[in-house]
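Only one structure is covered here, and it is reproduced in the block below.
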Amino acid sequence: MAARLIKGTEVAKEIREELKKEVEELKEKHGIEPGLVTILVGEDPASVSYVTAKQRTSKELGFYSIQDNQPVDISEEALLALIDKYNKDPKIHGILVQLPLPKHIDETKVLYAIDPKKDVDAFHPVNVGKLLIGEPDFLPCTPHGIWQLLIRSGVQIEGSEVVVVGRSNIVGKPIAAILMQKVPNANATVTVCHTRTKDMAFHTRRADILIVAAGRPKAITADMVKDGAVVIDVGVNRIGKTPEGKAILVGDVDFEEVKEKASAITPVPGGVGPMTITMLMFNTVKAAKLAAGVAK
Ligand code: NAP
């Protein structure tokens, strides 16, 4: 039987509608206008398109938003000074520096310079640590998006066996940290696999919920999946171009095979992807509420 599709495009739209209403209320009741700055260094086409999408969404939701474009040869010192300026700007609640940065700039130094209260990507060690001890202000956007997809699709998380393939700081580790927390809609038993895992299929076949963030097309085939599992495919792999020149994208899961075995599955594109920008907007609204002391 073919699996139910977990459509990130629809869930993202639902959350954006909720955020739009919340932004209107914040403006009316508290005079708060969430402010987001996206800093782009250079003109890498993929980065330009990500930043444009973030700006467009923030404007649609009624944010105060700034797109700050900097030349590719900006010095590290100048970029740090720019971040310091936005750290001090009371109209800005979220600072996003689009990665990757040019080689002459230390990415870690730049990310650590962002005020943790404005760190809407949640990459700063303060926010990483707060997540791990169960007291997060912000959750990183892609893992938070995955969590929302599971919750809003009615997937049973508590007590489930979750297997995560991939241990990156932006996806694998934080989604494991989120789903193992002692909070409602988490409380899962989590296993994390990586390239040194012995017999990965042994683990993936035990998964009630299988989350794959490896960056390898067809890393997961049907024989590695339990009947009725929920499969979340985070991977985005460009495997060529259409005759019209558009990139052909596939995930990390052999979708055609696995959809016949799983009970629910995310497509690529249209699964996890649309959730990431949406959760960035969620974090910016939360940052604005925290700054104003009106966060629940
Ligand atoms: P990453 O930093 O390259 O990490 C990949 C992880 O997968 C590593 O931990 C690696 O193990 C593990 N891995 C790779 N091949 C494997 C294999 N054959 N078996 C087991 N483990 C394997 O990647 P990432 O940043 O987490 O991203 C993963 C994928 O998600 C990429 O395709 C990326 O484009 C996509 N992504 C999508 C979104 C979105 O919004 N949809 C957001 C972020 C990322 P080791 O640690 O041992 O090397």
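Scheme for the structure tokens: letters A, B, ... for chains in order shown; per-chain residue numbers from 1; ligand numbers from 1 in order shown.
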Residue neighbourhood A:Ile232, 7 Å, only C-alpha atoms, exclusion window fewer than 2 positions, as an mmCIF file with N, CA and C atoms, in the first residue's frame:
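Dumped everything to part-v7.cif:
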```
data_model
loop_
_atom_site.group_PDB
_atom_site.id
_atom_site.type_symbol
_atom_site.label_atom_id
_atom_site.label_comp_id
_atom_site.auth_asym_id
_atom_site.auth_seq_id
_atom_site.Cartn_x
_atom_site.Cartn_y
_atom_site.Cartn_z
ATOM 1 N N LEU A 210 11.902 7.047 10.934
ATOM 2 C CA LEU A 210 13.253 7.060 10.355
ATOM 3 C C LEU A 210 13.496 8.445 9.745
ATOM 4 N N ILE A 211 14.529 9.126 10.248
ATOM 5 C CA ILE A 211 14.848 10.480 9.773
ATOM 6 C C ILE A 211 16.205 10.417 9.078
ATOM 7 N N VAL A 212 16.247 10.787 7.811
ATOM 8 C CA VAL A 212 17.465 10.579 7.040
ATOM 9 C C VAL A 212 18.036 11.923 6.578
ATOM 10 N N VAL A 230 7.317 5.604 9.621
ATOM 11 C CA VAL A 230 7.176 6.985 9.126
ATOM 12 C C VAL A 230 8.576 7.421 8.692
ATOM 13 N N VAL A 234 15.311 14.215 4.708
ATOM 14 C CA VAL A 234 15.804 15.601 4.793
ATOM 15 C C VAL A 234 16.714 15.920 3.599
ATOM 16 N N ILE A 265 5.417 9.298 4.438
ATOM 17 C CA ILE A 265 6.749 9.679 3.931
ATOM 18 C C ILE A 265 6.710 11.131 3.437
ATOM 19 N N THR A 266 7.847 11.826 3.584
ATOM 20 C CA THR A 266 7.927 13.192 3.032
ATOM 21 C C THR A 266 8.498 13.124 1.613
#
```
- Residue set, stretch 61-221 of chain A restricted to alpha helix (DSSP H), as a PyMOL selection string: chain A and resi 76-88+107-113+125-132+141-152+172-180+200-204
- Please provide as a list of chain:residue names all residues within 9 Å of A:Ala213, with the sequence filter that same-chain residues fewer than 6 positions apart are discarded (counting only C-alpha atoms). A:Val164, A:Val165, A:Gly166, A:Arg167, A:Ser168, A:Val171, A:Gly172, A:Ile232, A:Asp233, A:Val234, A:Gly235, A:Val236, A:Gly251, A:Asp252
Could you make a table, as a tab-separated table, of the residues of chain A that have an atom within 9 Å of an atom of ligand 1, each with its nearest atom pair and distance in Å to one decimal, counting only C-alpha atoms and all ligand atoms, in chain and number order?
```
residue	atom	partner	partner_atom_place_in_ligand_line	distance
A:Cys141	CA	ligand 1	40 (O)	8.0
A:Thr142	CA	ligand 1	40 (O)	5.4
A:Pro143	CA	ligand 1	42 (C)	8.3
A:Gly145	CA	ligand 1	40 (O)	8.4
A:Val165	CA	ligand 1	21 (N)	5.4
A:Gly166	CA	ligand 1	7 (O)	3.4
A:Arg167	CA	ligand 1	9 (O)	3.7
A:Ser168	CA	ligand 1	26 (O)	4.4
A:Asn169	CA	ligand 1	26 (O)	6.9
A:Ile170	CA	ligand 1	26 (O)	5.8
A:Val171	CA	ligand 1	26 (O)	4.8
A:Gly172	CA	ligand 1	26 (O)	5.9
A:Lys173	CA	ligand 1	9 (O)	8.6
A:Cys193	CA	ligand 1	20 (C)	5.8
A:His194	CA	ligand 1	21 (N)	3.5
A:Thr195	CA	ligand 1	47 (O)	3.8
A:Arg196	CA	ligand 1	47 (O)	5.6
A:Thr197	CA	ligand 1	20 (C)	6.9
A:Met200	CA	ligand 1	20 (C)	7.0
A:Val212	CA	ligand 1	29 (C)	7.7
A:Ala213	CA	ligand 1	28 (C)	4.0
A:Ala214	CA	ligand 1	7 (O)	3.3
A:Gly215	CA	ligand 1	32 (O)	3.2
A:Arg216	CA	ligand 1	15 (N)	5.8
A:Pro217	CA	ligand 1	32 (O)	8.2
A:Lys218	CA	ligand 1	18 (N)	8.9
A:Ala219	CA	ligand 1	18 (N)	5.5
A:Ile220	CA	ligand 1	18 (N)	8.5
A:Asp233	CA	ligand 1	30 (O)	8.0
A:Val234	CA	ligand 1	30 (O)	4.7
A:Gly235	CA	ligand 1	32 (O)	3.5
A:Val236	CA	ligand 1	32 (O)	4.0
A:Asn237	CA	ligand 1	32 (O)	5.4
A:Arg238	CA	ligand 1	32 (O)	8.8
A:Val250	CA	ligand 1	32 (O)	8.8
A:Gly251	CA	ligand 1	32 (O)	6.8
A:Asp252	CA	ligand 1	32 (O)	7.0
A:Val268	CA	ligand 1	41 (N)	8.3
A:Pro269	CA	ligand 1	41 (N)	8.2
A:Gly270	CA	ligand 1	41 (N)	8.8
A:Gly271	CA	ligand 1	41 (N)	7.4
A:Val272	CA	ligand 1	41 (N)	4.8
A:Gly273	CA	ligand 1	41 (N)	3.5
A:Pro274	CA	ligand 1	40 (O)	6.9
A:Met275	CA	ligand 1	40 (O)	6.9
A:Thr276	CA	ligand 1	40 (O)	4.9
A:Ile277	CA	ligand 1	40 (O)	7.7
```
- Name the residues of stretch 36-182 of chain A that fall into strand (DSSP E) according to DSSP on the backbone, using the chain letters and numbers of this document, as a PyMOL selection string. chain A and resi 36-41+64-70+94-97+161-165
- Query: Which neighbours of A:Asp254 fall inside 6 Å, counting only C-alpha atoms, when residues of the same chain fewer than 2 positions from it are skipped, and could you give them as a list in words?
  - Reply: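 So, after excluding close chain neighbours, the residues are Lys218, Thr221, Glu256, Glu257 and Val258 of chain A.
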- Query: Near stretch 91-103 of chain A, counting only C-alpha atoms, which residues have an atom at most 10 Å away, once you skip same-chain residues fewer than 2 positions from it, shown as a PyMOL selection string?
  - Reply: chain A and resi 32-42+44+47-48+50-51+54+63-68+72-76+79+83+85-89+105-107+110-111+114-122+280-281+283-291
Shell around A:Met224 at 6 Å using only C-alpha atoms, local window under 3 positions removed, as a compact mmCIF listing (two decimals) with N, CA and C atoms, in the first residue's frame:
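Ended up saving to result_16.txt:
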```
# COMPACT_ATOMS: atom_id res chain seq x y z
N ALA A 201 21.51 -1.04 8.46
CA ALA A 201 20.16 -1.57 8.21
C ALA A 201 19.57 -2.21 9.47
N THR A 204 18.09 0.84 11.14
CA THR A 204 16.99 1.51 10.43
C THR A 204 15.73 0.62 10.39
N ARG A 205 15.91 -0.71 10.36
CA ARG A 205 14.75 -1.62 10.30
C ARG A 205 13.98 -1.66 11.62
N THR A 221 17.12 2.25 1.19
CA THR A 221 16.30 1.48 0.25
C THR A 221 15.22 0.72 1.03
```
- Message: Please determine, counting only C-alpha atoms, which residue among A:Ile209, A:Leu132, A:Ala78, A:Val126 has the shortest atom-to-atom distance to A:Val162.
- Response: A:Ile209
- Message: When you count only C-alpha atoms, which of these residues is closest to A:Glu24: A:Leu82, A:Ala222, A:Leu61, A:Ala3?
- Response: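 The closest residue to A:Glu24 is A:Leu61.
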- Message: Set the distance at 7 Å and use only C-alpha atoms: which residues neighbour A:Ile151 once local chain neighbours fewer than 4 positions away are removed? I'd like the list as a ChimeraX atom specification.
- Response: /A:147,155,185
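Pairwise distance (atom CA of A:Phe123, atom CA of A:Pro267) equals 26.3 Å.
Going from atom CA of A:Thr57 over to atom CA of A:Thr278, you cover 8.0 Å.
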